[in-house]
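Peer 1: File follows, run.cif with mmCIF, C-alpha atoms:
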```cif
data_target
#
loop_
_atom_site.group_PDB
_atom_site.id
_atom_site.type_symbol
_atom_site.label_atom_id
_atom_site.label_comp_id
_atom_site.auth_asym_id
_atom_site.auth_seq_id
_atom_site.Cartn_x
_atom_site.Cartn_y
_atom_site.Cartn_z
ATOM 1 C CA MET A 1 24.018 130.325 68.946
ATOM 2 C CA LEU A 2 24.962 133.264 71.134
ATOM 3 C CA ALA A 3 21.336 134.410 71.167
ATOM 4 C CA ASN A 4 20.410 131.060 72.693
ATOM 5 C CA ILE A 5 22.931 131.571 75.499
ATOM 6 C CA LEU A 6 21.301 134.906 76.271
ATOM 7 C CA LEU A 7 17.803 133.458 75.947
ATOM 8 C CA ILE A 8 18.303 130.425 78.178
ATOM 9 C CA ASN A 9 19.983 132.540 80.838
ATOM 10 C CA GLY A 10 16.729 134.500 81.096
ATOM 11 C CA PHE A 11 14.707 131.492 82.251
ATOM 12 C CA PRO A 12 15.946 131.290 85.867
ATOM 13 C CA ASP A 13 15.319 135.025 86.341
ATOM 14 C CA ALA A 14 11.947 135.203 84.560
ATOM 15 C CA GLU A 15 9.752 135.184 87.677
ATOM 16 C CA PRO A 16 11.777 137.774 89.618
ATOM 17 C CA ASP A 17 12.132 139.867 86.448
ATOM 18 C CA ALA A 18 8.359 139.854 85.929
ATOM 19 C CA ARG A 19 7.760 140.902 89.550
ATOM 20 C CA VAL A 20 9.926 144.010 89.146
ATOM 21 C CA GLY A 21 8.545 144.899 85.716
ATOM 22 C CA LYS A 22 11.431 143.704 83.535
ATOM 23 C CA ARG A 23 9.999 142.635 80.202
ATOM 24 C CA THR A 24 12.623 140.142 79.038
ATOM 25 C CA LEU A 25 11.874 137.851 76.113
ATOM 26 C CA VAL A 26 11.161 134.916 78.429
ATOM 27 C CA VAL A 27 8.789 137.072 80.488
ATOM 28 C CA ARG A 28 7.005 138.364 77.380
ATOM 29 C CA LEU A 29 6.655 134.996 75.651
ATOM 30 C CA GLY A 30 6.234 132.721 78.646
ATOM 31 C CA PRO A 31 8.349 129.636 79.342
ATOM 32 C CA ILE A 32 6.936 127.189 76.780
ATOM 33 C CA PRO A 33 6.838 129.588 73.790
ATOM 34 C CA ALA A 34 10.317 130.850 74.746
ATOM 35 C CA ALA A 35 11.543 127.232 74.767
ATOM 36 C CA GLY A 36 10.079 126.816 71.272
ATOM 37 C CA PHE A 37 11.841 130.005 70.185
ATOM 38 C CA TYR A 38 15.097 128.567 71.572
ATOM 39 C CA LEU A 39 14.653 125.437 69.448
ATOM 40 C CA GLY A 40 13.873 127.563 66.404
ATOM 41 C CA LEU A 41 17.047 129.605 66.865
ATOM 42 C CA ALA A 42 19.159 126.455 67.255
ATOM 43 C CA LEU A 43 17.687 124.901 64.107
ATOM 44 C CA LEU A 44 18.079 128.172 62.225
ATOM 45 C CA ALA A 45 21.772 128.462 63.135
ATOM 46 C CA HIS A 46 22.507 124.938 61.946
ATOM 47 C CA SER A 47 20.321 125.070 58.853
ATOM 48 C CA TRP A 48 21.847 128.416 57.841
ATOM 49 C CA LEU A 49 25.300 126.839 57.984
ATOM 50 C CA ALA A 50 24.200 123.931 55.795
ATOM 51 C CA THR A 51 22.365 126.263 53.409
ATOM 52 C CA SER A 52 25.310 128.628 53.112
ATOM 53 C CA VAL A 53 27.550 125.713 52.137
ATOM 54 C CA TRP A 54 24.955 124.475 49.642
ATOM 55 C CA LEU A 55 24.737 127.964 48.127
ATOM 56 C CA LEU A 56 28.550 128.095 47.936
ATOM 57 C CA ILE A 57 28.687 131.077 50.306
ATOM 58 C CA THR A 58 30.687 129.188 52.910
ATOM 59 C CA PRO A 59 33.371 126.583 52.148
ATOM 60 C CA ARG A 60 32.397 122.950 52.651
ATOM 61 C CA ALA A 61 34.936 122.593 55.478
ATOM 62 C CA ALA A 62 32.745 124.833 57.656
ATOM 63 C CA MET A 63 30.189 122.007 57.842
ATOM 64 C CA TRP A 64 32.114 120.726 60.855
ATOM 65 C CA GLY A 65 30.072 123.279 62.808
ATOM 66 C CA LEU A 66 27.120 120.916 62.514
ATOM 67 C CA VAL A 67 28.702 118.625 65.129
ATOM 68 C CA SER A 68 27.137 120.928 67.727
ATOM 69 C CA LEU A 69 23.584 120.053 66.648
ATOM 70 C CA PRO A 70 23.157 117.113 69.072
ATOM 71 C CA LEU A 71 24.170 119.349 71.987
ATOM 72 C CA SER A 72 21.711 122.026 70.886
ATOM 73 C CA LEU A 73 18.913 119.484 70.536
ATOM 74 C CA ALA A 74 19.678 117.958 73.936
ATOM 75 C CA ALA A 75 19.604 121.418 75.523
ATOM 76 C CA ALA A 76 16.334 122.221 73.749
ATOM 77 C CA GLY A 77 14.799 118.983 75.014
ATOM 78 C CA LEU A 78 15.811 119.704 78.595
ATOM 79 C CA LEU A 79 14.599 123.272 78.283
ATOM 80 C CA TRP A 80 11.265 122.137 76.887
ATOM 81 C CA ARG A 81 10.810 119.657 79.764
ATOM 82 C CA HIS A 82 11.918 122.013 82.529
ATOM 83 C CA ALA A 83 11.035 125.471 81.195
ATOM 84 C CA ALA A 84 8.661 126.068 84.088
ATOM 85 C CA ALA A 85 11.171 124.752 86.656
ATOM 86 C CA PRO A 86 14.210 127.012 86.168
ATOM 87 C CA GLN A 87 16.092 125.441 89.072
ATOM 88 C CA ARG A 88 16.454 122.336 86.872
ATOM 89 C CA LEU A 89 17.969 124.161 83.878
ATOM 90 C CA ARG A 90 21.673 124.051 84.787
ATOM 91 C CA PRO A 91 22.400 121.096 82.456
ATOM 92 C CA ALA A 92 20.547 122.809 79.592
ATOM 93 C CA ILE A 93 22.465 126.037 80.183
ATOM 94 C CA ALA A 94 25.773 124.143 80.210
ATOM 95 C CA LEU A 95 24.831 122.302 76.996
ATOM 96 C CA THR A 96 23.897 125.609 75.361
ATOM 97 C CA ILE A 97 27.274 127.125 76.178
ATOM 98 C CA ALA A 98 29.029 123.968 74.996
ATOM 99 C CA ALA A 99 27.022 123.907 71.754
ATOM 100 C CA ALA A 100 27.805 127.538 70.960
ATOM 101 C CA SER A 101 31.492 127.046 71.697
ATOM 102 C CA LEU A 102 31.712 123.802 69.735
ATOM 103 C CA HIS A 103 29.814 125.305 66.792
ATOM 104 C CA GLY A 104 32.331 128.111 66.342
ATOM 105 C CA LEU A 105 35.409 126.063 67.157
ATOM 106 C CA ALA A 106 34.431 123.217 64.833
ATOM 107 C CA MET A 107 33.771 125.608 61.953
ATOM 108 C CA ALA A 108 37.094 127.332 62.595
ATOM 109 C CA ALA A 109 38.913 123.998 62.751
ATOM 110 C CA GLY A 110 37.293 122.894 59.501
ATOM 111 C CA LEU A 111 38.280 126.117 57.791
ATOM 112 C CA ALA A 112 41.811 125.897 59.223
ATOM 113 C CA THR A 113 42.256 122.506 57.526
ATOM 114 C CA MET A 114 41.838 124.301 54.207
ATOM 115 C CA ALA A 115 44.973 126.332 54.910
ATOM 116 C CA TRP A 116 46.969 123.230 55.831
ATOM 117 C CA GLY A 117 45.600 120.907 53.206
#
```
In structure tokens, what does this structure look like?

Peer 2:
Amino acid sequence: MLANILLINGFPDAEPDARVGKRTLVVRLGPIPAAGFYLGLALLAHSWLATSVWLLITPRAAMWGLVSLPLSLAAAGLLWRHAAAPQRLRPAIALTIAAASLHGLAMAAGLATMAWG
């Protein structure tokens, strides 16, 4: 989730970065493939949580972290639509930050209920 914050923040600077020779991930991949990579990371973070619970690595209460999936998918959709127009990415950036925060906080809250319950 944190990787997606770093990734999406590279979109608005991709053109200036490329002009000065910075080879960021967004510059290297291009906007559309980088947007696909963003979606892949978001799906990986959420599927790893579900898989770790299924494999009994993580307690079931951690599944609350999945409540951030709709925010991640909304951000990915906006990013996909506006990847080539970085001035329109503010809502996607805000959703990405919210999704990452909610993901961790919801997992922590779920795990905290185990101590109280």

Peer 1: Running the PyMOL selection byres ((chain A and resi 15-29) around 12) on this model by hand, what would come out? Give it as a ChimeraX atom specification.

Peer 2: /A:3-4,6-14,30-38,83-87

Peer 1: Please give the centre and size of the box around range 39-57 of chain A (axis-aligned, containing every atom listed in the file, 5 Å added per side), with values in Å to one decimal and written as JSON.

Peer 2:
```
{"center_x": 21.3, "center_y": 127.5, "center_z": 58.7, "size_x": 24.8, "size_y": 17.1, "size_z": 31.5}
```

Peer 1: Can you measure CA of Ala50 in chain A to CA of Ala108 in chain A for me? One decimal in Å is fine.

Peer 2: 15.0 Å

Peer 1: To test your reading of the syntax: which residues would the PyMOL selection byres ((chain A and resi 100) around 8) return for the file shown? Reply as a ChimeraX atom specification.

Peer 2: /A:1-2,5,68,96-99,101-104

Peer 1: State, in Å with one decimal place, the distance from CA of Leu78 in chain A to CA of His46 in chain A.

Peer 2: 18.7 Å

Peer 1: So which residues touch Ala62 in chain A within 7 Å, counting all atoms listed in the file, skipping near sequence neighbours fewer than 2 positions away, as a list of chain:residue names?

Peer 2: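 So the residues in contact are A:Thr58, A:Pro59, A:Arg60, A:Trp64, A:Gly65, A:Met107, A:Gly110, A:Leu111.
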
Peer 1: Grab the CA of Ala94 in chain A to CA of Ser72 in chain A distance for me, in Å with one decimal place.

Peer 2: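 Going from CA of Ala94 in chain A over to CA of Ser72 in chain A, I get 10.4 Å.
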
Peer 1: Show which residues sit within 8 Å of Ala92 in chain A, as a list in words. Count only C-alpha atoms, and ignore same-chain residues fewer than 2 positions away.

Peer 2: Ala74, Ala75, Ala76, Leu78, Leu79, Leu89, Arg90, Ala94, Leu95 and Thr96 of chain A

Peer 1: Limited to C-alpha atoms, could you put the picked residues into a file as a CSV table (one decimal), keeping the file's coordinate frame?

Peer 2:
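What follows is the written file result.csv:
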```
chain,number,residue,atom,x,y,z
A,74,ALA,CA,19.7,118.0,73.9
A,75,ALA,CA,19.6,121.4,75.5
A,76,ALA,CA,16.3,122.2,73.7
A,78,LEU,CA,15.8,119.7,78.6
A,79,LEU,CA,14.6,123.3,78.3
A,89,LEU,CA,18.0,124.2,83.9
A,90,ARG,CA,21.7,124.1,84.8
A,94,ALA,CA,25.8,124.1,80.2
A,95,LEU,CA,24.8,122.3,77.0
A,96,THR,CA,23.9,125.6,75.4
```
